[in-house]
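Reproduced below: target26.pdb, with PDB, C-alpha atoms.
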```pdb
ATOM      1  CA  MET L   1      62.966  34.339 -92.035
ATOM      2  CA  PHE L   2      63.780  36.305 -88.878
ATOM      3  CA  VAL L   3      66.300  38.379 -90.837
ATOM      4  CA  TRP L   4      63.808  39.125 -93.602
ATOM      5  CA  CYS L   5      61.141  40.207 -91.116
ATOM      6  CA  SER L   6      63.633  42.468 -89.382
ATOM      7  CA  LEU L   7      64.617  43.951 -92.724
ATOM      8  CA  LEU L   8      60.949  44.600 -93.598
ATOM      9  CA  PHE L   9      60.429  46.333 -90.255
ATOM     10  CA  VAL L  10      63.477  48.576 -90.742
ATOM     11  CA  LEU L  11      62.339  49.440 -94.274
ATOM     12  CA  GLY L  12      58.927  50.326 -92.884
ATOM     13  CA  ILE L  13      60.530  52.698 -90.398
ATOM     14  CA  PHE L  14      62.535  54.321 -93.199
ATOM     15  CA  ALA L  15      59.392  54.661 -95.342
ATOM     16  CA  PHE L  16      57.528  56.239 -92.434
ATOM     17  CA  LEU L  17      60.352  58.711 -91.755
ATOM     18  CA  ASP L  18      60.543  59.521 -95.473
ATOM     19  CA  SER L  19      56.859  60.310 -95.607
ATOM     20  CA  ILE L  20      57.154  62.576 -92.563
ATOM     21  CA  PHE L  21      60.232  64.512 -93.660
ATOM     22  CA  ASN L  22      59.092  64.961 -97.276
ATOM     23  CA  MET L  23      55.684  66.211 -96.150
ATOM     24  CA  GLY L  24      54.050  63.349 -97.999
ATOM     25  CA  GLU L  25      50.349  62.899 -98.447
ATOM     26  CA  ILE L  26      48.219  61.152 -95.838
ATOM     27  CA  PHE L  27      48.033  58.008 -97.962
ATOM     28  CA  ARG L  28      51.822  57.609 -97.906
ATOM     29  CA  GLN L  29      51.863  57.864 -94.116
ATOM     30  CA  VAL L  30      49.053  55.373 -93.695
ATOM     31  CA  ASN L  31      50.662  53.036 -96.219
ATOM     32  CA  SER L  32      53.994  53.122 -94.419
ATOM     33  CA  VAL L  33      52.328  52.558 -91.034
ATOM     34  CA  LEU L  34      50.470  49.532 -92.402
ATOM     35  CA  PHE L  35      53.731  48.251 -93.867
ATOM     36  CA  MET L  36      55.396  48.581 -90.462
ATOM     37  CA  LEU L  37      52.515  46.879 -88.655
ATOM     38  CA  VAL L  38      52.431  43.940 -91.058
ATOM     39  CA  SER L  39      56.180  43.458 -90.823
ATOM     40  CA  LEU L  40      56.017  43.732 -87.017
ATOM     41  CA  GLY L  41      53.298  41.072 -87.023
ATOM     42  CA  LEU L  42      55.515  38.785 -89.111
ATOM     43  CA  LEU L  43      58.389  39.424 -86.736
ATOM     44  CA  ILE L  44      56.303  38.519 -83.692
ATOM     45  CA  ARG L  45      54.861  35.444 -85.426
ATOM     46  CA  THR L  46      58.336  34.235 -86.358
ATOM     47  CA  THR L  47      59.713  34.648 -82.851
ATOM     48  CA  THR L  48      56.751  32.829 -81.285
ATOM     49  CA  LYS L  49      57.165  29.964 -83.771
ATOM     50  CA  MET L  50      60.844  29.729 -82.860
ATOM     51  CA  ARG L  51      59.974  29.558 -79.147
ATOM     52  CA  ASN L  52      57.265  26.957 -79.775
ATOM     53  CA  GLN L  53      59.680  24.836 -81.796
ATOM     54  CA  ARG L  54      62.218  24.980 -78.962
ATOM     55  CA  VAL L  55      59.565  23.878 -76.445
ATOM     56  CA  GLU L  56      58.423  21.050 -78.727
ATOM     57  CA  ASN L  57      61.998  19.824 -79.028
ATOM     58  CA  TYR L  58      62.329  19.847 -75.246
ATOM     59  CA  GLU L  59      59.073  17.906 -74.885
ATOM     60  CA  LYS L  60      60.261  15.273 -77.385
ATOM     61  CA  ARG L  61      63.566  14.973 -75.589
ATOM     62  CA  ILE L  62      61.843  14.566 -72.208
ATOM     63  CA  PHE L  63      59.504  11.921 -73.655
ATOM     64  CA  ASN L  64      62.441   9.970 -75.088
ATOM     65  CA  LEU L  65      64.341  10.178 -71.806
ATOM     66  CA  GLU L  66      61.295   8.985 -69.852
ATOM     67  CA  HIS L  67      60.904   6.090 -72.284
ATOM     68  CA  GLN L  68      64.557   5.122 -71.878
ATOM     69  CA  LEU L  69      64.204   5.362 -68.097
ATOM     70  CA  LYS L  70      61.247   2.960 -68.151
ATOM     71  CA  ILE L  71      63.212   0.509 -70.273
ATOM     72  CA  LEU L  72      66.131   0.636 -67.854
ATOM     73  CA  GLU L  73      63.831   0.213 -64.858
ATOM     74  CA  ASN L  74      62.222  -2.843 -66.491
ATOM     75  CA  ARG L  75      65.652  -4.351 -67.132
ATOM     76  CA  LYS L  76      66.670  -3.690 -63.556
ATOM     77  CA  ASP L  77      63.501  -5.367 -62.220
ATOM     78  CA  ARG L  78      64.165  -8.465 -64.353
ATOM     79  CA  PHE L  79      67.639  -8.984 -62.943
ATOM     80  CA  GLU L  80      66.645  -8.557 -59.319
TER      81      GLU L  80
END
```

Can you present the structure in this file as C-alpha cells?
Amino acid sequence: MFVWCSLLFVLGIFAFLDSIFNMGEIFRQVNSVLFMLVSLGLLIRTTTKMRNQRVENYEKRIFNLEHQLKILENRKDRFE
C-alpha cells in the first residue's frame, strides 16, 4: 500500500507540472492539487498505521515477556 500511495503522489506531481507547462485551465490545476493532497493524505495515513502496528507489536511482546517473568518468579518462589 505504501508503494501505491507513493505512486499516486508522484503521478499527482506529474499532473500538476503538466497543467502548469501546458497552460491548462484553472480546473486542471485545482484537480491536480486535490489529487496530490489526497494521495499525500493516504501516504501519511499509511506510514502512521505502520508505526502504530510496530508499537502494538512491541507492546504485545513486552506483555508476553512480563507474563513469562511472573511465571518464572512464581516457580522460583515455590522451590525456595

Original post:
CA of Val55 in chain L and CA of Trp4 in chain L, how far apart in Å?
Top reply: 23.3 Å

**OP:** Calculate how many Å separate CA of Arg78 in chain L from CA of Asn64 in chain L, rounding to one decimal.
**Re:**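 Calculated distance between CA of Arg78 in chain L and CA of Asn64 in chain L is 21.4 Å.
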
**OP:** Apply the PyMOL selection byres ((chain L and resi 16) around 9) to the file shown and report the selected residues as a list in words.
**Re:**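 Written out, the selection comes to Leu11, Gly12, Ile13, Phe14, Ala15, Leu17, Asp18, Ser19, Ile20, Phe21, Arg28, Gln29, Val30, Asn31, Ser32, Val33, Phe35 and Met36 of chain L.
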
Original post:
If you measure from CA of Leu8 in chain L to CA of Ser39 in chain L, what distance in Å do you get, rounded to one decimal?
Top reply: 5.6 Å

Around all of range 17-20 of chain L's listed atoms, make the axis-aligned box with 6 Å on each side and tell me centre and edge lengths in Å to one decimal, as AutoDock Vina command-line options.
```
--center_x 58.7 --center_y 60.6 --center_z -93.7 --size_x 15.7 --size_y 15.9 --size_z 15.9
```

Original post:
Within 12 Å of range 49-53 of chain L, counting all atoms listed in the file, which residues qualify if same-chain residues fewer than 6 places away don't, as an NGL selection string?
Top reply: :L and (1-2 or 42-43 or 59-60)

Original post:
Using all atoms listed in the file, which residue out of L:Leu34, L:Phe63, L:Val10, L:Cys5 lies closest to Thr47 in chain L?
Top reply: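 Smallest separation from Thr47 in chain L among the options: L:Cys5.
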
Please rebuild range 31-44 of chain L with N, CA, C and O atoms and give the result as an mmCIF file, in the coordinates of the input.
```
data_model
loop_
_atom_site.group_PDB
_atom_site.id
_atom_site.type_symbol
_atom_site.label_atom_id
_atom_site.label_comp_id
_atom_site.auth_asym_id
_atom_site.auth_seq_id
_atom_site.Cartn_x
_atom_site.Cartn_y
_atom_site.Cartn_z
ATOM 1 N N ASN L 31 50.079 54.187 -95.550
ATOM 2 C CA ASN L 31 50.662 53.036 -96.219
ATOM 3 C C ASN L 31 51.933 52.582 -95.503
ATOM 4 O O ASN L 31 52.135 51.387 -95.291
ATOM 5 N N SER L 32 52.764 53.509 -95.104
ATOM 6 C CA SER L 32 53.994 53.122 -94.419
ATOM 7 C C SER L 32 53.702 52.561 -93.028
ATOM 8 O O SER L 32 54.382 51.636 -92.575
ATOM 9 N N VAL L 33 52.694 53.097 -92.353
ATOM 10 C CA VAL L 33 52.328 52.558 -91.034
ATOM 11 C C VAL L 33 51.803 51.136 -91.175
ATOM 12 O O VAL L 33 52.161 50.247 -90.392
ATOM 13 N N LEU L 34 50.969 50.892 -92.173
ATOM 14 C CA LEU L 34 50.470 49.532 -92.402
ATOM 15 C C LEU L 34 51.609 48.573 -92.737
ATOM 16 O O LEU L 34 51.629 47.434 -92.278
ATOM 17 N N PHE L 35 52.568 49.063 -93.521
ATOM 18 C CA PHE L 35 53.731 48.251 -93.867
ATOM 19 C C PHE L 35 54.514 47.890 -92.604
ATOM 20 O O PHE L 35 54.917 46.738 -92.419
ATOM 21 N N MET L 36 54.698 48.844 -91.715
ATOM 22 C CA MET L 36 55.396 48.581 -90.462
ATOM 23 C C MET L 36 54.620 47.600 -89.593
ATOM 24 O O MET L 36 55.203 46.693 -88.989
ATOM 25 N N LEU L 37 53.311 47.757 -89.503
ATOM 26 C CA LEU L 37 52.515 46.879 -88.655
ATOM 27 C C LEU L 37 52.506 45.443 -89.167
ATOM 28 O O LEU L 37 52.588 44.499 -88.389
ATOM 29 N N VAL L 38 52.412 45.288 -90.484
ATOM 30 C CA VAL L 38 52.431 43.940 -91.058
ATOM 31 C C VAL L 38 53.782 43.288 -90.824
ATOM 32 O O VAL L 38 53.872 42.123 -90.428
ATOM 33 N N SER L 39 54.859 44.034 -91.032
ATOM 34 C CA SER L 39 56.180 43.458 -90.823
ATOM 35 C C SER L 39 56.422 43.165 -89.342
ATOM 36 O O SER L 39 57.064 42.175 -88.995
ATOM 37 N N LEU L 40 55.895 44.001 -88.443
ATOM 38 C CA LEU L 40 56.017 43.732 -87.017
ATOM 39 C C LEU L 40 55.240 42.470 -86.642
ATOM 40 O O LEU L 40 55.696 41.660 -85.839
ATOM 41 N N GLY L 41 54.073 42.288 -87.245
ATOM 42 C CA GLY L 41 53.298 41.072 -87.023
ATOM 43 C C GLY L 41 54.051 39.833 -87.482
ATOM 44 O O GLY L 41 54.050 38.806 -86.799
ATOM 45 N N LEU L 42 54.702 39.909 -88.638
ATOM 46 C CA LEU L 42 55.515 38.785 -89.111
ATOM 47 C C LEU L 42 56.680 38.516 -88.174
ATOM 48 O O LEU L 42 57.019 37.361 -87.901
ATOM 49 N N LEU L 43 57.273 39.570 -87.666
ATOM 50 C CA LEU L 43 58.389 39.424 -86.736
ATOM 51 C C LEU L 43 57.947 38.723 -85.453
ATOM 52 O O LEU L 43 58.602 37.794 -84.976
ATOM 53 N N ILE L 44 56.819 39.138 -84.920
ATOM 54 C CA ILE L 44 56.303 38.519 -83.692
ATOM 55 C C ILE L 44 55.912 37.063 -83.954
ATOM 56 O O ILE L 44 56.197 36.175 -83.153
#
```
